[in-house]
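Everything below concerns the one structure shown next.
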Amino acid sequence: MVVTDGQVSLKHLVTMETLTNDEVLGLIERGVAFKEGRAEFSLDRQYFAANLFFESSTRTHKSFEVAERKLGLDVIEFDAKTSSVNKGETLYDTILTMSALGVDICVVRHQEVDYYKQLIDSRTIQTAIVNGGDGSGQHPSQCLLDLMTIYQEFGHFDQLKIAITGDLTHSRVAKSNMQILKRLGAKLYFAGPKEWYSSEFDVYGTYVDIDDVIEELDVLMLLRVQHERHDGKESFSKEAYHKQFGLTTERYAKLKDTAIIMHPAPVNRDVEIADSLVEAPKARIVAQMQNGVFVRMAILEAILRGKV
Ligand code: CP
């Protein structure tokens, strides 16, 4: 057992859908406690973590690594390009190997939606799986850092007017966030190109023209245009996207003084958001990255608590 005053205990974290509201709020509050230096935490033995990223990442990969080192975990290097993945090793066999080596936690990003199902269903694999993003499926740690950022700003989620705008169908961030924000009482709007909207999102919010709601919003959550998932089939230029759907300086001026702008990053500057607005007073993009370290510490702690 680790010595901790945290409350949440998890075997794996692969999707937001299986977390209760109490667990979500517990992880957020614990992230805040780590950020404010109030959290008590120590390890009773050596623990190993491996970060296995089969898709590109800067923030998720490196903030998990910072979080692991802050908690005192031993971080095992893994580079898919120089591993036996090159010899045809499957994801299952890579994780089976990590488990056999005694790695306690594997943080995994992989292009296949739901890749984690066969891993957590395995009777042999003992390592805990933390999903660092599965294709266009889920991104639970990004969702939790987004929630922590909103919670730090407003202290609650109930009746907050939040617009999620942009590349909705390809975004794992959008899917994780819409499910949980609706459950926590937020009023959701969706905006962006119609071709990147799906009627399956209707149960969570209302599809709108961003200019019809911009003055009412508490949170404007911009999504990255995921060029790598489009196969060159975008029907508009970057300039046209920015003008019609992006955060221009004109739209920024219409936001309430208390409104905040979020973006999971990496940002396509002058596409989703004007270059000059990335660090503007209402922008919380840097705060999101900072909070990512602390909420990931809370996630890792909850996983360690689950290892009894
Ligand atoms: N937001 C996010 O997931 O960024 P990375 O792809 O850099 O990890």
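Letters A, B, ... go to the chains of the structure tokens in the order shown; residues in each chain start at 1; ligands are counted from 1 in the same order.
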
Picked from stretch 77-292 of chain A by DSSP as helix (DSSP H, G or I), as a VMD selection string:
chain A and resid 80 to 82 84 to 87 91 to 101 117 to 120 140 to 154 172 to 183 194 to 196 199 to 201 210 to 216 227 to 229 238 to 245 249 to 254 275 to 277 285 to 292

Those same residues - C-alpha atoms - I'd like them written as an mmCIF file, in the first residue's frame.
```
data_model
loop_
_atom_site.group_PDB
_atom_site.id
_atom_site.type_symbol
_atom_site.label_atom_id
_atom_site.label_comp_id
_atom_site.auth_asym_id
_atom_site.auth_seq_id
_atom_site.Cartn_x
_atom_site.Cartn_y
_atom_site.Cartn_z
ATOM 1 C CA ALA A 80 7.990 2.001 -30.075
ATOM 2 C CA LYS A 81 10.319 2.757 -33.018
ATOM 3 C CA THR A 82 13.245 0.844 -31.478
ATOM 4 C CA SER A 84 10.301 -5.330 -30.832
ATOM 5 C CA VAL A 85 7.115 -3.791 -32.225
ATOM 6 C CA ASN A 86 9.351 -3.518 -35.319
ATOM 7 C CA LYS A 87 9.570 -7.309 -35.379
ATOM 8 C CA LEU A 91 0.353 -4.520 -28.345
ATOM 9 C CA TYR A 92 -0.925 -7.370 -26.193
ATOM 10 C CA ASP A 93 2.497 -9.020 -26.191
ATOM 11 C CA THR A 94 4.276 -5.739 -25.401
ATOM 12 C CA ILE A 95 2.038 -5.176 -22.368
ATOM 13 C CA LEU A 96 2.271 -8.850 -21.375
ATOM 14 C CA THR A 97 6.048 -8.381 -21.362
ATOM 15 C CA MET A 98 5.847 -5.218 -19.239
ATOM 16 C CA SER A 99 3.629 -7.073 -16.788
ATOM 17 C CA ALA A 100 6.059 -10.014 -16.635
ATOM 18 C CA LEU A 101 8.930 -7.596 -15.950
ATOM 19 C CA LYS A 117 -10.289 -3.957 -23.761
ATOM 20 C CA GLN A 118 -8.208 -7.066 -24.435
ATOM 21 C CA LEU A 119 -5.560 -5.831 -21.980
ATOM 22 C CA ILE A 120 -7.851 -5.273 -18.997
ATOM 23 C CA PRO A 140 -9.577 10.467 -19.827
ATOM 24 C CA SER A 141 -6.530 12.251 -18.394
ATOM 25 C CA GLN A 142 -7.067 15.212 -20.764
ATOM 26 C CA CYS A 143 -10.726 15.258 -19.725
ATOM 27 C CA LEU A 144 -9.797 15.316 -16.029
ATOM 28 C CA LEU A 145 -7.302 18.150 -16.494
ATOM 29 C CA ASP A 146 -9.946 20.079 -18.440
ATOM 30 C CA LEU A 147 -12.438 19.504 -15.623
ATOM 31 C CA MET A 148 -9.851 20.581 -13.040
ATOM 32 C CA THR A 149 -9.255 23.798 -15.012
ATOM 33 C CA ILE A 150 -12.996 24.584 -15.168
ATOM 34 C CA TYR A 151 -13.466 23.664 -11.478
ATOM 35 C CA GLN A 152 -10.611 25.935 -10.406
ATOM 36 C CA GLU A 153 -12.227 28.793 -12.313
ATOM 37 C CA PHE A 154 -15.882 28.381 -11.340
ATOM 38 C CA ARG A 172 -11.317 11.793 -28.234
ATOM 39 C CA VAL A 173 -11.121 14.883 -25.997
ATOM 40 C CA ALA A 174 -14.578 16.013 -27.130
ATOM 41 C CA LYS A 175 -16.108 12.584 -26.546
ATOM 42 C CA SER A 176 -14.726 12.220 -23.023
ATOM 43 C CA ASN A 177 -15.671 15.797 -22.133
ATOM 44 C CA MET A 178 -19.213 15.815 -23.498
ATOM 45 C CA GLN A 179 -20.142 12.638 -21.638
ATOM 46 C CA ILE A 180 -18.928 13.778 -18.256
ATOM 47 C CA LEU A 181 -19.782 17.500 -18.484
ATOM 48 C CA LYS A 182 -23.400 16.664 -19.280
ATOM 49 C CA ARG A 183 -23.474 14.303 -16.285
ATOM 50 C CA LYS A 194 -21.426 20.179 -39.948
ATOM 51 C CA GLU A 195 -19.399 17.395 -41.590
ATOM 52 C CA TRP A 196 -17.508 16.973 -38.292
ATOM 53 C CA SER A 199 -26.207 13.140 -34.497
ATOM 54 C CA GLU A 200 -24.933 10.778 -31.777
ATOM 55 C CA PHE A 201 -23.809 13.947 -29.928
ATOM 56 C CA ILE A 210 -20.905 29.760 -32.620
ATOM 57 C CA ASP A 211 -21.881 33.399 -33.313
ATOM 58 C CA ASP A 212 -25.362 32.758 -31.892
ATOM 59 C CA VAL A 213 -24.033 31.784 -28.426
ATOM 60 C CA ILE A 214 -20.596 33.374 -28.050
ATOM 61 C CA GLU A 215 -21.815 36.208 -25.801
ATOM 62 C CA GLU A 216 -23.472 33.783 -23.340
ATOM 63 C CA HIS A 227 -5.360 16.825 -40.158
ATOM 64 C CA GLU A 228 -3.724 13.414 -39.640
ATOM 65 C CA ARG A 229 -7.162 11.732 -39.409
ATOM 66 C CA LYS A 238 -7.172 27.054 -42.935
ATOM 67 C CA GLU A 239 -8.093 30.712 -43.475
ATOM 68 C CA ALA A 240 -11.708 29.845 -44.235
ATOM 69 C CA TYR A 241 -11.917 27.605 -41.143
ATOM 70 C CA HIS A 242 -10.529 30.353 -38.924
ATOM 71 C CA LYS A 243 -12.954 32.949 -40.267
ATOM 72 C CA GLN A 244 -16.058 30.757 -40.041
ATOM 73 C CA PHE A 245 -15.420 28.616 -36.954
ATOM 74 C CA THR A 249 -10.089 38.653 -32.254
ATOM 75 C CA GLU A 250 -13.649 39.819 -33.044
ATOM 76 C CA ARG A 251 -15.207 36.755 -31.385
ATOM 77 C CA TYR A 252 -12.810 37.073 -28.438
ATOM 78 C CA ALA A 253 -14.113 40.611 -27.821
ATOM 79 C CA LYS A 254 -17.692 39.261 -27.621
ATOM 80 C CA ASP A 275 -2.019 33.397 -32.839
ATOM 81 C CA SER A 276 -2.289 36.517 -30.641
ATOM 82 C CA LEU A 277 -4.965 34.918 -28.401
ATOM 83 C CA ILE A 285 -4.310 26.812 -22.404
ATOM 84 C CA VAL A 286 -1.112 27.107 -20.333
ATOM 85 C CA ALA A 287 -3.072 26.444 -17.113
ATOM 86 C CA GLN A 288 -4.472 23.267 -18.713
ATOM 87 C CA MET A 289 -0.945 22.005 -19.382
ATOM 88 C CA GLN A 290 0.127 22.846 -15.814
ATOM 89 C CA ASN A 291 -2.935 21.142 -14.339
ATOM 90 C CA GLY A 292 -2.176 18.065 -16.435
#
```

Excluding stretch 10-21 of chain A and any residue of its chain fewer than 3 positions from it, enumerate the residues within 10 Å of it, using only C-alpha atoms, and give them as a PyMOL selection string.
chain A and resi 24-27+105-108+114-117+120+126-134+137-141+143-144+175-177+179-180+183-184+299-308

Counting only C-alpha atoms and all ligand atoms, what are the residues of chain A within 6 Å of ligand 1, and for each of them which pair of atoms is the nearest and at what distance in Å, to one decimal? Sort the table by chain and rising number, as a tab-separated table.
```
residue	atom	partner	partner_atom_place_in_ligand_line	distance
A:Ser57	CA	ligand 1	8 (O)	3.8
A:Thr58	CA	ligand 1	7 (O)	3.6
A:Arg59	CA	ligand 1	7 (O)	4.0
A:Thr60	CA	ligand 1	8 (O)	3.6
A:His61	CA	ligand 1	8 (O)	5.8
A:Pro264	CA	ligand 1	1 (N)	4.3
A:Ala265	CA	ligand 1	1 (N)	4.8
A:Pro266	CA	ligand 1	4 (O)	5.8
```

Grab the residues selected above and save them as a PDB file, in the first residue's frame with N, CA and C atoms.
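What landed in result24.pdb:
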```pdb
ATOM      1  N   SER A  57       2.968  12.432 -29.178  1.00  0.00           N
ATOM      2  CA  SER A  57       2.481  13.170 -28.005  1.00  0.00           C
ATOM      3  C   SER A  57       3.612  14.015 -27.443  1.00  0.00           C
ATOM      4  N   THR A  58       3.281  15.197 -26.995  1.00  0.00           N
ATOM      5  CA  THR A  58       4.214  15.990 -26.184  1.00  0.00           C
ATOM      6  C   THR A  58       3.666  16.081 -24.763  1.00  0.00           C
ATOM      7  N   ARG A  59       2.460  16.664 -24.625  1.00  0.00           N
ATOM      8  CA  ARG A  59       1.889  16.954 -23.304  1.00  0.00           C
ATOM      9  C   ARG A  59       1.588  15.697 -22.491  1.00  0.00           C
ATOM     10  N   THR A  60       0.808  14.796 -23.057  1.00  0.00           N
ATOM     11  CA  THR A  60       0.358  13.643 -22.280  1.00  0.00           C
ATOM     12  C   THR A  60       1.551  12.799 -21.849  1.00  0.00           C
ATOM     13  N   HIS A  61       2.432  12.515 -22.807  1.00  0.00           N
ATOM     14  CA  HIS A  61       3.598  11.683 -22.517  1.00  0.00           C
ATOM     15  C   HIS A  61       4.470  12.317 -21.436  1.00  0.00           C
ATOM     16  N   PRO A 264      -7.074  21.709 -25.978  1.00  0.00           N
ATOM     17  CA  PRO A 264      -6.210  20.648 -25.437  1.00  0.00           C
ATOM     18  C   PRO A 264      -4.767  20.744 -25.907  1.00  0.00           C
ATOM     19  N   ALA A 265      -4.573  21.457 -27.052  1.00  0.00           N
ATOM     20  CA  ALA A 265      -3.245  21.590 -27.669  1.00  0.00           C
ATOM     21  C   ALA A 265      -2.739  20.198 -28.129  1.00  0.00           C
ATOM     22  N   PRO A 266      -1.851  20.132 -29.122  1.00  0.00           N
ATOM     23  CA  PRO A 266      -1.207  21.267 -29.766  1.00  0.00           C
ATOM     24  C   PRO A 266      -2.196  22.121 -30.566  1.00  0.00           C
TER      25      PRO A 266
END
```

Give me every strand (DSSP E) residue in stretch 173-235 of chain A, going by DSSP on the backbone, as a list in words.
Lys187, Leu188, Tyr189, Phe190, Ala191, Gly205, Thr206, Tyr207, Val219, Leu220, Met221 and Leu222 of chain A

Kindly export the residues of the current selection with all heavy atoms, as a CSV table (one decimal), in the first residue's frame.
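Output saved as again.csv:
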```csv
chain,number,residue,atom,x,y,z
A,187,LYS,N,-24.4,22.9,-19.4
A,187,LYS,CA,-25.3,23.0,-20.6
A,187,LYS,C,-24.4,23.1,-21.8
A,187,LYS,O,-23.6,24.1,-21.9
A,187,LYS,CB,-26.1,24.3,-20.5
A,187,LYS,CG,-27.1,24.5,-21.6
A,187,LYS,CD,-28.1,25.6,-21.3
A,187,LYS,CE,-29.0,26.0,-22.4
A,187,LYS,NZ,-29.7,24.9,-23.1
A,188,LEU,N,-24.4,22.1,-22.7
A,188,LEU,CA,-23.4,22.0,-23.7
A,188,LEU,C,-24.0,22.5,-25.1
A,188,LEU,O,-25.1,22.2,-25.5
A,188,LEU,CB,-23.0,20.6,-23.9
A,188,LEU,CG,-22.2,20.0,-22.7
A,188,LEU,CD1,-21.7,18.6,-23.1
A,188,LEU,CD2,-21.0,20.8,-22.4
A,189,TYR,N,-23.1,23.2,-25.8
A,189,TYR,CA,-23.3,23.5,-27.2
A,189,TYR,C,-22.2,22.9,-28.0
A,189,TYR,O,-21.1,22.8,-27.6
A,189,TYR,CB,-23.3,25.0,-27.4
A,189,TYR,CG,-24.4,25.8,-26.6
A,189,TYR,CD1,-24.0,26.5,-25.5
A,189,TYR,CD2,-25.7,25.8,-27.0
A,189,TYR,CE1,-24.9,27.1,-24.7
A,189,TYR,CE2,-26.6,26.5,-26.2
A,189,TYR,CZ,-26.2,27.1,-25.1
A,189,TYR,OH,-27.2,27.8,-24.3
A,190,PHE,N,-22.5,22.6,-29.3
A,190,PHE,CA,-21.5,22.1,-30.2
A,190,PHE,C,-21.5,23.0,-31.4
A,190,PHE,O,-22.6,23.4,-31.9
A,190,PHE,CB,-21.8,20.7,-30.7
A,190,PHE,CG,-21.8,19.7,-29.5
A,190,PHE,CD1,-23.0,19.1,-29.2
A,190,PHE,CD2,-20.7,19.4,-28.8
A,190,PHE,CE1,-23.1,18.2,-28.1
A,190,PHE,CE2,-20.8,18.5,-27.7
A,190,PHE,CZ,-22.0,17.9,-27.4
A,191,ALA,N,-20.3,23.3,-31.9
A,191,ALA,CA,-20.2,24.2,-33.1
A,191,ALA,C,-19.0,23.7,-34.0
A,191,ALA,O,-18.2,22.9,-33.5
A,191,ALA,CB,-20.0,25.6,-32.7
A,205,GLY,N,-25.9,17.7,-26.1
A,205,GLY,CA,-26.0,19.2,-26.2
A,205,GLY,C,-26.7,19.5,-27.5
A,205,GLY,O,-27.2,18.7,-28.2
A,206,THR,N,-26.5,20.8,-27.9
A,206,THR,CA,-27.2,21.4,-29.1
A,206,THR,C,-26.2,21.9,-30.1
A,206,THR,O,-25.3,22.6,-29.7
A,206,THR,CB,-28.1,22.6,-28.6
A,206,THR,OG1,-28.9,22.1,-27.5
A,206,THR,CG2,-29.0,23.0,-29.7
A,207,TYR,N,-26.4,21.5,-31.3
A,207,TYR,CA,-25.5,22.0,-32.4
A,207,TYR,C,-26.0,23.4,-32.8
A,207,TYR,O,-27.1,23.7,-33.0
A,207,TYR,CB,-25.6,21.1,-33.6
A,207,TYR,CG,-24.7,21.5,-34.7
A,207,TYR,CD1,-23.3,21.3,-34.7
A,207,TYR,CD2,-25.2,22.2,-35.9
A,207,TYR,CE1,-22.5,21.7,-35.7
A,207,TYR,CE2,-24.4,22.6,-36.9
A,207,TYR,CZ,-23.1,22.3,-36.8
A,207,TYR,OH,-22.3,22.7,-37.9
A,219,VAL,N,-17.5,28.9,-21.0
A,219,VAL,CA,-16.3,28.2,-21.4
A,219,VAL,C,-16.4,28.0,-23.0
A,219,VAL,O,-17.4,27.5,-23.4
A,219,VAL,CB,-16.1,26.8,-20.7
A,219,VAL,CG1,-14.9,26.1,-21.3
A,219,VAL,CG2,-16.1,27.0,-19.2
A,220,LEU,N,-15.4,28.4,-23.7
A,220,LEU,CA,-15.3,28.1,-25.1
A,220,LEU,C,-14.1,27.1,-25.2
A,220,LEU,O,-13.0,27.4,-25.0
A,220,LEU,CB,-15.0,29.3,-25.9
A,220,LEU,CG,-14.7,29.1,-27.4
A,220,LEU,CD1,-15.9,28.4,-28.1
A,220,LEU,CD2,-14.4,30.4,-28.1
A,221,MET,N,-14.5,25.8,-25.5
A,221,MET,CA,-13.5,24.8,-25.6
A,221,MET,C,-13.2,24.5,-27.1
A,221,MET,O,-14.1,24.0,-27.8
A,221,MET,CB,-14.1,23.5,-25.0
A,221,MET,CG,-13.1,22.4,-24.7
A,221,MET,SD,-13.9,21.1,-23.8
A,221,MET,CE,-13.9,21.7,-22.1
A,222,LEU,N,-12.1,24.9,-27.6
A,222,LEU,CA,-11.7,24.7,-29.0
A,222,LEU,C,-11.0,23.4,-29.2
A,222,LEU,O,-10.3,22.9,-28.3
A,222,LEU,CB,-10.7,25.8,-29.4
A,222,LEU,CG,-11.2,27.3,-29.2
A,222,LEU,CD1,-10.1,28.3,-29.2
A,222,LEU,CD2,-12.3,27.6,-30.2
```

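The interatomic distance for the pair atom CA of A:His156 and atom CA of A:His263 works out to 19.5 Å.
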
Please provide the set of residues having any atom within 10 Å of A:Glu68, restricted to only C-alpha atoms, with same-chain residues fewer than 3 positions apart removed, written as a list in words.
Tyr47, Phe48, Ala49, Ala50, Asn51, Lys62, Ser63, Phe64, Glu65, Leu71, Gly72, Leu73, Asp74, Val75, Ile105, Val293, Arg296, Met297, Leu300 and Glu301 of chain A
